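Asker: Please find one structure pasted underneath; my questions will follow.
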Protein chains: 2
Amino acid sequence: MTATRIPILVTAALCALLLAAPRARAQSDPLPSWNDGATKKSITDFVAKVTKEGSPDFVKPAERIAVFDNDGTLWAEQPMYFQLLFAIDRVKALAPQHPEWKDNEPFASLLKGDAKGALAGGEHAILEIVMATHAGMTTEAFEDAVKDWMKTARHPKFQRPYTECVYQPMLEVLSYLRASGFKTFISGGGVEFMRAFAEATYGVPPEQVVGSSGVVKFEMKDGKPALIKEPKVEFIDDGPGKPVGINRFIGRRPIMAFGNSDGDLQMLQYTTAGEGPRFALIVHHTDADREFAYDRQSHIGKLDKALDEAAAKVWTVVDMRKDWNAVFPRK
Amino acid sequence: MTATRIPILVTAALCALLLAAPRARAQSDPLPSWNDGATKKSITDFVAKVTKEGSPDFVKPAERIAVFDNDGTLWAEQPMYFQLLFAIDRVKALAPQHPEWKDNEPFASLLKGDAKGALAGGEHAILEIVMATHAGMTTEAFEDAVKDWMKTARHPKFQRPYTECVYQPMLEVLSYLRASGFKTFISGGGVEFMRAFAEATYGVPPEQVVGSSGVVKFEMKDGKPALIKEPKVEFIDDGPGKPVGINRFIGRRPIMAFGNSDGDLQMLQYTTAGEGPRFALIVHHTDADREFAYDRQSHIGKLDKALDEAAAKVWTVVDMRKDWNAVFPRK
């Protein structure tokens, strides 16, 4: 080896180290879209302690259950719940088969493009729209309708598919928890609506989605078994329904729960009331520029009582504007 | 090395080979309690083809869902459903808190030791017994009651704990499927009753148990959240309810289903009606010596229509007496 070759080798080695450094850093940070600080640290500290064998806080993998609300926690929920936007689009698509809708509310207003007028009928109007668009077909046909809509519909503010209006920092939490031996569940929305995209979008398989449901009936159609969606509410996965749904579907109390509104309060209470280490997190929408800012007065995703309880019980509260360096996945 | 040492070494090597042979054979046979023949082969052939990458029948792991009925499929169900035996024992345990039961049927007969008389009231009597023993407590208190009962109760014929009246050949199928990348689910019985022992007994975690349920209510008790079991039926996981429950809890059509009675027929129909490779199996109770023999005329676990359909559709039917070389796990 000549004397000149040694500095070249040293330089090459240094270059390799320098080039590798950012990659190594990215690999070592499971939550790159979270700014460093108390919020991020509360997540990584909790995961570190429950996964450390021999630690008094160690939780065996079978009991590492984490539950995520969807609307406002994993994806956006403004200007209104995406599932309601799907239902409204579906009223328009189905209108030719329902000439009577032209003369009946809330459909008449919807078909004239007046969603606000249609929804003035409150919960009753919403229920009518959901029942008319989520029933009278097989579960497979409904799944296809949701998938088709996801391909073409665009969010009015962000001009991107709804499945890209998911929060990048929360996708990282989902992956991080799974890599740490957790089973990740979703609780929220209509169960069959969610299952149509949860696996591709969140990596959460259908059997790990808890949600609201309508009655489904088994029948033989032309000698083939079919499951038909009926226009009748079976279960509402919201507020006190959330722990009930978690108990029914999962049968085990989660050790981590993630929400964003008063509708998640009972889920957070139930999760944190269990013995041993427990973790609760609330996404506070504080970013009117990059997303939306709303809390105590909002008609959708109202966050009032749960915000007070989070302060009293020292749950983690995400300040979206401050804690997240990215909101949505890059296009 | 002397001439005498060579034969010694050869003998030692031969001995080692001979000793190792049964062990190697046991390791290579995932279903040692199944006698060789068409029944066993139908299971192993199906698993081989759906797990072989590149094969036209390959099924990706996420879709390898197998569902098992419990009563009569994974454990015995005679002389009556074990959950009903639990409920009857519980009536006796709770009687001191219910002096009125002495004068009211079906409780009065039960407390006199006349189970047959009590059950003469049919479904209504059974429902009364179940509601009185499965409600009015938290979900945790109920789980404890089931676990306590499992520790002490003994099956009247087999004189062993109910959790040891499970079928060894079916335990082997559960393990074999999981080792082949399947997720194994149970569908049957009361969901909270099943979950109290399914993980320890079958290796099936609570979130993979589908079952009948009563209404559960969330409430705050002394400032702590609690889930209270109410005396009101929510869902019956039997007959046409089985595919409905599978759709609700799992959200994905199984590719394998295992049952033993007409109550499993719709589950087997639904499973096998899906596209791609599908497998259905019925356990036929033909062994009065080692277990029980019953089918078309039985008041419990009646197997009539499903037996005809199995023949017509060439589903696998297990002849317990002929196909199983062991019924229960060794004590």
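Letters for chains follow the order of the structure tokens (A, B, ...), residue numbers begin at 1 for each chain, and ligand numbers begin at 1 in the order shown.
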Find the residues near range 205-212 of chain B: any atom within 10 Å, counting only C-alpha atoms, skip ones fewer than 5 places away on the same chain, and give them as a PyMOL selection string.

Answerer: (chain A and resi 62-63+207-208+246-252) or (chain B and resi 67-70+183-200+233-238+241-242+245-250)

Asker: Could the residues in this selection be saved with N, CA and C atoms as a tab-separated table (two decimals), in the first residue's frame?

Answerer:
chain	number	residue	atom	x	y	z
A	62	ALA	N	-49.12	-10.05	24.84
A	62	ALA	CA	-50.55	-10.33	24.65
A	62	ALA	C	-51.43	-9.23	25.24
A	63	GLU	N	-50.90	-8.52	26.24
A	63	GLU	CA	-51.72	-7.48	26.89
A	63	GLU	C	-51.39	-6.07	26.41
A	207	GLU	N	-60.30	-7.33	11.62
A	207	GLU	CA	-60.64	-7.90	12.92
A	207	GLU	C	-60.14	-7.05	14.08
A	208	GLN	N	-59.41	-5.97	13.79
A	208	GLN	CA	-58.97	-5.07	14.84
A	208	GLN	C	-59.63	-3.69	14.71
A	246	ILE	N	-65.26	-1.80	23.05
A	246	ILE	CA	-63.93	-2.38	23.29
A	246	ILE	C	-64.07	-3.69	24.07
A	247	ASN	N	-64.93	-3.67	25.08
A	247	ASN	CA	-65.16	-4.90	25.84
A	247	ASN	C	-65.77	-5.98	24.95
A	248	ARG	N	-66.71	-5.60	24.10
A	248	ARG	CA	-67.38	-6.60	23.27
A	248	ARG	C	-66.46	-7.20	22.22
A	249	PHE	N	-65.69	-6.36	21.53
A	249	PHE	CA	-64.86	-6.83	20.43
A	249	PHE	C	-63.50	-7.35	20.89
A	250	ILE	N	-62.89	-6.65	21.83
A	250	ILE	CA	-61.52	-6.99	22.21
A	250	ILE	C	-61.50	-7.87	23.46
A	251	GLY	N	-62.39	-7.54	24.41
A	251	GLY	CA	-62.47	-8.38	25.61
A	251	GLY	C	-61.30	-8.22	26.56
A	252	ARG	N	-60.57	-7.16	26.37
A	252	ARG	CA	-59.39	-6.92	27.20
A	252	ARG	C	-59.23	-5.41	27.29
B	67	VAL	N	-62.20	-20.52	11.74
B	67	VAL	CA	-63.17	-20.32	12.82
B	67	VAL	C	-63.64	-21.66	13.34
B	68	PHE	N	-63.67	-21.78	14.66
B	68	PHE	CA	-64.08	-23.02	15.33
B	68	PHE	C	-65.29	-22.77	16.21
B	69	ASP	N	-66.35	-23.55	15.99
B	69	ASP	CA	-67.40	-23.63	17.00
B	69	ASP	C	-66.76	-24.22	18.26
B	70	ASN	N	-67.36	-23.98	19.43
B	70	ASN	CA	-66.77	-24.54	20.65
B	70	ASN	C	-67.49	-25.80	21.15
B	183	LYS	N	-54.81	-17.24	11.66
B	183	LYS	CA	-55.35	-16.69	12.89
B	183	LYS	C	-56.54	-17.57	13.25
B	184	THR	N	-56.56	-18.11	14.45
B	184	THR	CA	-57.64	-19.00	14.85
B	184	THR	C	-58.65	-18.25	15.72
B	185	PHE	N	-59.92	-18.37	15.35
B	185	PHE	CA	-61.02	-17.73	16.08
B	185	PHE	C	-61.98	-18.79	16.62
B	186	ILE	N	-62.66	-18.45	17.69
B	186	ILE	CA	-63.75	-19.28	18.20
B	186	ILE	C	-65.05	-18.53	17.98
B	187	SER	N	-66.08	-19.24	17.53
B	187	SER	CA	-67.41	-18.64	17.43
B	187	SER	C	-68.40	-19.57	18.12
B	188	GLY	N	-68.88	-19.14	19.28
B	188	GLY	CA	-69.87	-19.96	19.97
B	188	GLY	C	-69.82	-19.75	21.46
B	189	GLY	N	-70.91	-20.08	22.14
B	189	GLY	CA	-70.99	-19.88	23.59
B	189	GLY	C	-71.15	-18.41	23.92
B	190	GLY	N	-71.21	-18.12	25.22
B	190	GLY	CA	-71.26	-16.73	25.64
B	190	GLY	C	-69.87	-16.14	25.55
B	191	VAL	N	-69.77	-14.96	24.95
B	191	VAL	CA	-68.43	-14.42	24.66
B	191	VAL	C	-67.61	-14.22	25.93
B	192	GLU	N	-68.25	-13.76	27.00
B	192	GLU	CA	-67.48	-13.49	28.22
B	192	GLU	C	-67.17	-14.77	29.00
B	193	PHE	N	-68.03	-15.76	28.86
B	193	PHE	CA	-67.76	-17.08	29.45
B	193	PHE	C	-66.54	-17.71	28.76
B	194	MET	N	-66.56	-17.69	27.43
B	194	MET	CA	-65.48	-18.29	26.65
B	194	MET	C	-64.12	-17.62	26.91
B	195	ARG	N	-64.17	-16.28	26.95
B	195	ARG	CA	-62.90	-15.55	27.07
B	195	ARG	C	-62.19	-15.79	28.40
B	196	ALA	N	-62.96	-16.25	29.40
B	196	ALA	CA	-62.35	-16.47	30.71
B	196	ALA	C	-61.36	-17.64	30.68
B	197	PHE	N	-61.47	-18.53	29.68
B	197	PHE	CA	-60.54	-19.68	29.67
B	197	PHE	C	-59.94	-19.98	28.28
B	198	ALA	N	-60.42	-19.29	27.24
B	198	ALA	CA	-60.01	-19.63	25.87
B	198	ALA	C	-58.51	-19.45	25.65
B	199	GLU	N	-57.92	-18.43	26.27
B	199	GLU	CA	-56.51	-18.19	26.02
B	199	GLU	C	-55.64	-19.29	26.65
B	200	ALA	N	-55.92	-19.62	27.91
B	200	ALA	CA	-55.13	-20.66	28.58
B	200	ALA	C	-55.40	-22.03	27.98
B	233	VAL	N	-80.64	-9.89	26.55
B	233	VAL	CA	-79.89	-10.53	25.46
B	233	VAL	C	-79.55	-9.49	24.39
B	234	GLU	N	-78.32	-9.50	23.92
B	234	GLU	CA	-77.91	-8.58	22.87
B	234	GLU	C	-77.76	-9.32	21.54
B	235	PHE	N	-77.16	-10.50	21.59
B	235	PHE	CA	-76.82	-11.21	20.36
B	235	PHE	C	-76.72	-12.72	20.63
B	236	ILE	N	-77.33	-13.52	19.77
B	236	ILE	CA	-77.24	-14.98	19.90
B	236	ILE	C	-76.37	-15.52	18.77
B	237	ASP	N	-75.24	-16.08	19.16
B	237	ASP	CA	-74.26	-16.56	18.19
B	237	ASP	C	-74.54	-18.03	17.85
B	238	ASP	N	-75.61	-18.27	17.12
B	238	ASP	CA	-75.98	-19.64	16.75
B	238	ASP	C	-76.73	-19.60	15.43
B	241	GLY	N	-77.00	-16.60	13.16
B	241	GLY	CA	-76.23	-15.60	13.92
B	241	GLY	C	-74.73	-15.81	13.78
B	242	LYS	N	-74.31	-17.02	13.43
B	242	LYS	CA	-72.85	-17.26	13.36
B	242	LYS	C	-72.16	-16.46	12.25
B	245	GLY	N	-72.19	-12.85	13.34
B	245	GLY	CA	-71.18	-12.56	14.36
B	245	GLY	C	-69.78	-12.52	13.78
B	246	ILE	N	-69.50	-13.44	12.88
B	246	ILE	CA	-68.18	-13.47	12.23
B	246	ILE	C	-67.96	-12.18	11.44
B	247	ASN	N	-68.98	-11.75	10.71
B	247	ASN	CA	-68.89	-10.50	9.96
B	247	ASN	C	-68.68	-9.32	10.91
B	248	ARG	N	-69.42	-9.33	12.01
B	248	ARG	CA	-69.34	-8.20	12.94
B	248	ARG	C	-67.98	-8.12	13.63
B	249	PHE	N	-67.48	-9.25	14.14
B	249	PHE	CA	-66.26	-9.25	14.95
B	249	PHE	C	-65.00	-9.33	14.08
B	250	ILE	N	-65.04	-10.17	13.05
B	250	ILE	CA	-63.83	-10.42	12.27
B	250	ILE	C	-63.79	-9.55	11.02

Asker: Can you list, as a PyMOL selection string, all residues belonging to range 36-251 of chain A that DSSP tags as helix (DSSP H, G or I)?

Answerer: chain A and resi 38-51+61-63+82-97+99-103+107-111+115-119+122-134+139-152+162-164+168-179+191-195+198-202+206-208+241-249

Asker: Please provide the set of residues having any atom within 12 Å of Pro156 in chain B, restricted to only C-alpha atoms, with same-chain residues fewer than 2 positions apart removed, written as a ChimeraX atom specification.

Answerer: /B:76-80,82,85,153-154,158-162,165

Asker: Generate a file of the selected residues that holds all heavy atoms, formatted as a compact mmCIF listing (two decimals), in the first residue's frame.

Answerer:
# COMPACT_ATOMS: atom_id res chain seq x y z
N ALA B 76 -66.45 -31.12 24.80
CA ALA B 76 -67.69 -31.90 24.84
C ALA B 76 -68.89 -30.99 25.14
O ALA B 76 -68.73 -29.85 25.60
CB ALA B 76 -67.57 -33.01 25.87
N GLU B 77 -70.09 -31.50 24.89
CA GLU B 77 -71.30 -30.70 25.13
C GLU B 77 -72.39 -31.55 25.78
O GLU B 77 -73.52 -31.09 25.94
CB GLU B 77 -71.81 -30.09 23.83
CG GLU B 77 -72.20 -31.12 22.78
CD GLU B 77 -72.62 -30.49 21.44
OE1 GLU B 77 -72.81 -29.27 21.36
OE2 GLU B 77 -72.75 -31.26 20.46
N GLN B 78 -72.06 -32.77 26.14
CA GLN B 78 -73.02 -33.64 26.81
C GLN B 78 -72.60 -33.81 28.28
O GLN B 78 -71.42 -33.72 28.57
CB GLN B 78 -73.06 -35.02 26.12
CG GLN B 78 -73.43 -34.98 24.65
CD GLN B 78 -74.90 -34.79 24.39
OE1 GLN B 78 -75.69 -34.64 25.33
NE2 GLN B 78 -75.29 -34.75 23.11
N PRO B 79 -73.49 -34.07 29.23
CA PRO B 79 -74.93 -34.27 29.04
C PRO B 79 -75.71 -32.98 28.75
O PRO B 79 -76.84 -33.03 28.33
CB PRO B 79 -75.37 -34.86 30.38
CG PRO B 79 -74.40 -34.30 31.36
CD PRO B 79 -73.10 -34.21 30.64
N MET B 80 -75.07 -31.81 29.00
CA MET B 80 -75.65 -30.55 28.53
C MET B 80 -74.53 -29.53 28.39
O MET B 80 -73.41 -29.77 28.85
CB MET B 80 -76.77 -30.05 29.47
CG MET B 80 -76.36 -29.67 30.86
SD MET B 80 -77.77 -29.08 31.85
CE MET B 80 -78.42 -30.58 32.55
N PHE B 82 -71.81 -26.97 28.85
CA PHE B 82 -71.07 -26.72 30.10
C PHE B 82 -71.44 -25.35 30.69
O PHE B 82 -71.44 -25.17 31.89
CB PHE B 82 -69.56 -26.81 29.86
CG PHE B 82 -69.08 -28.16 29.42
CD1 PHE B 82 -67.74 -28.35 29.06
CD2 PHE B 82 -69.93 -29.26 29.37
CE1 PHE B 82 -67.27 -29.60 28.67
CE2 PHE B 82 -69.48 -30.52 28.96
CZ PHE B 82 -68.14 -30.68 28.61
N LEU B 85 -74.32 -25.81 32.82
CA LEU B 85 -73.91 -26.45 34.09
C LEU B 85 -73.31 -25.40 35.03
O LEU B 85 -73.55 -25.41 36.24
CB LEU B 85 -72.91 -27.58 33.81
CG LEU B 85 -73.50 -28.79 33.08
CD1 LEU B 85 -72.38 -29.72 32.57
CD2 LEU B 85 -74.44 -29.57 33.99
N ALA B 153 -65.10 -27.32 39.43
CA ALA B 153 -66.16 -28.17 38.87
C ALA B 153 -65.56 -29.35 38.11
O ALA B 153 -64.48 -29.25 37.54
CB ALA B 153 -67.05 -27.33 37.96
N ARG B 154 -66.28 -30.47 38.13
CA ARG B 154 -65.83 -31.67 37.42
C ARG B 154 -66.95 -32.19 36.53
O ARG B 154 -68.11 -32.18 36.92
CB ARG B 154 -65.43 -32.77 38.42
CG ARG B 154 -64.20 -32.45 39.26
CD ARG B 154 -62.93 -32.40 38.42
NE ARG B 154 -61.75 -32.02 39.18
CZ ARG B 154 -61.34 -30.76 39.39
NH1 ARG B 154 -62.04 -29.75 38.92
NH2 ARG B 154 -60.24 -30.52 40.08
N PHE B 158 -66.70 -37.76 32.97
CA PHE B 158 -65.24 -37.91 32.83
C PHE B 158 -64.47 -37.60 34.11
O PHE B 158 -63.27 -37.87 34.18
CB PHE B 158 -64.74 -37.05 31.67
CG PHE B 158 -65.44 -37.33 30.37
CD1 PHE B 158 -66.20 -36.35 29.74
CD2 PHE B 158 -65.39 -38.59 29.81
CE1 PHE B 158 -66.87 -36.61 28.55
CE2 PHE B 158 -66.06 -38.88 28.62
CZ PHE B 158 -66.81 -37.88 27.99
N GLN B 159 -65.16 -37.02 35.09
CA GLN B 159 -64.51 -36.71 36.37
C GLN B 159 -63.20 -35.95 36.19
O GLN B 159 -62.17 -36.29 36.78
CB GLN B 159 -64.29 -37.98 37.19
CG GLN B 159 -65.59 -38.55 37.74
CD GLN B 159 -66.37 -37.55 38.60
OE1 GLN B 159 -65.79 -36.82 39.39
NE2 GLN B 159 -67.70 -37.48 38.42
N ARG B 160 -63.24 -34.95 35.35
CA ARG B 160 -62.08 -34.07 35.18
C ARG B 160 -62.59 -32.66 34.95
O ARG B 160 -63.76 -32.47 34.60
CB ARG B 160 -61.20 -34.54 34.02
CG ARG B 160 -61.95 -34.86 32.73
CD ARG B 160 -61.02 -34.90 31.55
NE ARG B 160 -60.17 -36.05 31.42
CZ ARG B 160 -59.08 -36.07 30.66
NH1 ARG B 160 -58.71 -34.99 29.99
NH2 ARG B 160 -58.35 -37.15 30.53
N PRO B 161 -61.75 -31.66 35.15
CA PRO B 161 -62.19 -30.27 34.93
C PRO B 161 -62.71 -30.11 33.50
O PRO B 161 -62.24 -30.81 32.59
CB PRO B 161 -60.92 -29.45 35.13
CG PRO B 161 -60.01 -30.30 35.94
CD PRO B 161 -60.33 -31.71 35.59
N TYR B 162 -63.65 -29.21 33.33
CA TYR B 162 -64.22 -29.00 32.00
C TYR B 162 -63.16 -28.57 30.98
O TYR B 162 -63.23 -28.94 29.81
CB TYR B 162 -65.37 -27.98 32.06
CG TYR B 162 -66.56 -28.57 32.78
CD1 TYR B 162 -66.79 -28.32 34.13
CD2 TYR B 162 -67.43 -29.43 32.12
CE1 TYR B 162 -67.86 -28.90 34.80
CE2 TYR B 162 -68.50 -30.02 32.78
CZ TYR B 162 -68.70 -29.75 34.12
OH TYR B 162 -69.75 -30.34 34.76
N CYS B 165 -61.86 -31.41 29.25
CA CYS B 165 -62.78 -32.15 28.38
C CYS B 165 -62.73 -31.57 26.97
O CYS B 165 -63.74 -31.51 26.26
CB CYS B 165 -64.20 -32.12 28.93
SG CYS B 165 -64.34 -32.86 30.56

Asker: Which is closest to chain A among B:Lys41, B:Lys116, B:Lys229, B:His134, if we use only C-alpha atoms?

Answerer: B:Lys229

Asker: Looking only at strand (DSSP E) from DSSP on the backbone, list the matching residues of range 11-244 of chain B as a PyMOL selection string.

Answerer: chain B and resi 65-68+137-138+183-190+209-221+224-235

Asker: Write out as a list in words the residues lying within 12 Å of Ala141 in chain B, counting only C-alpha atoms and excluding same-chain residues fewer than 3 positions away.

Answerer: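 Skipping anything fewer than 3 positions along the chain leaves Thr133, His134, Ala135, Gly136, Met137, Thr138, Asp144, Ala145, Val146, Lys147, Asp148, Glu192, Phe193, Ala196, Ala226, Leu227, Ile228 and Lys229 of chain B.
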
Asker: Using only C-alpha atoms, find the one residue out of A:Glu100, A:Asp323, A:Glu128, A:Glu143 that sits nearest to chain B.

Answerer: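 Looking at the shortest contact to chain B, the residue is A:Glu143.
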
Asker: Please, what distance in Å, to one decimal, runs between CA of Ile65 in chain A and CA of Arg253 in chain A?

Answerer: 7.4 Å

Asker: Can you list, as a list in words, every protein, DNA or RNA residue that comes within 8 Å of Met170 in chain B when you count only C-alpha atoms, leaving out same-chain residues fewer than 3 positions away?

Answerer: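 That gives Thr73, Leu74, Val166, Tyr167, Val173 and Leu174 of chain B.
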
Asker: Pick the closest to chain B from A:Ala66, A:Val130, A:Leu31, A:Met220: which is it, counting only C-alpha atoms?

Answerer: A:Met220

Asker: Take CA of Val59 in chain A and CA of Phe142 in chain B and report the distance between them in Å, one decimal.

Answerer: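 Value for the CA of Val59 in chain A-CA of Phe142 in chain B distance: 23.5 Å.
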
Asker: Which residue is closest to Thr316 in chain A? Choose from A:Lys151, A:Arg278, A:Lys224, A:His98 and count only C-alpha atoms.

Answerer: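 Going through A:Lys151, A:Arg278, A:Lys224, A:His98 one by one, the smallest distance to Thr316 in chain A is for A:Arg278.
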
Asker: Between CA of Phe58 in chain B and CA of Ser175 in chain A, what distance in Å does the model show, to one decimal?

Answerer: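 Separating CA of Phe58 in chain B from CA of Ser175 in chain A is a distance of 26.9 Å.
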
Asker: In terms of the shortest atom-to-atom distance over only C-alpha atoms, which of A:Gly223, A:Gly54, A:Pro32, A:Gly113 is closest to chain B?

Answerer: A:Gly223
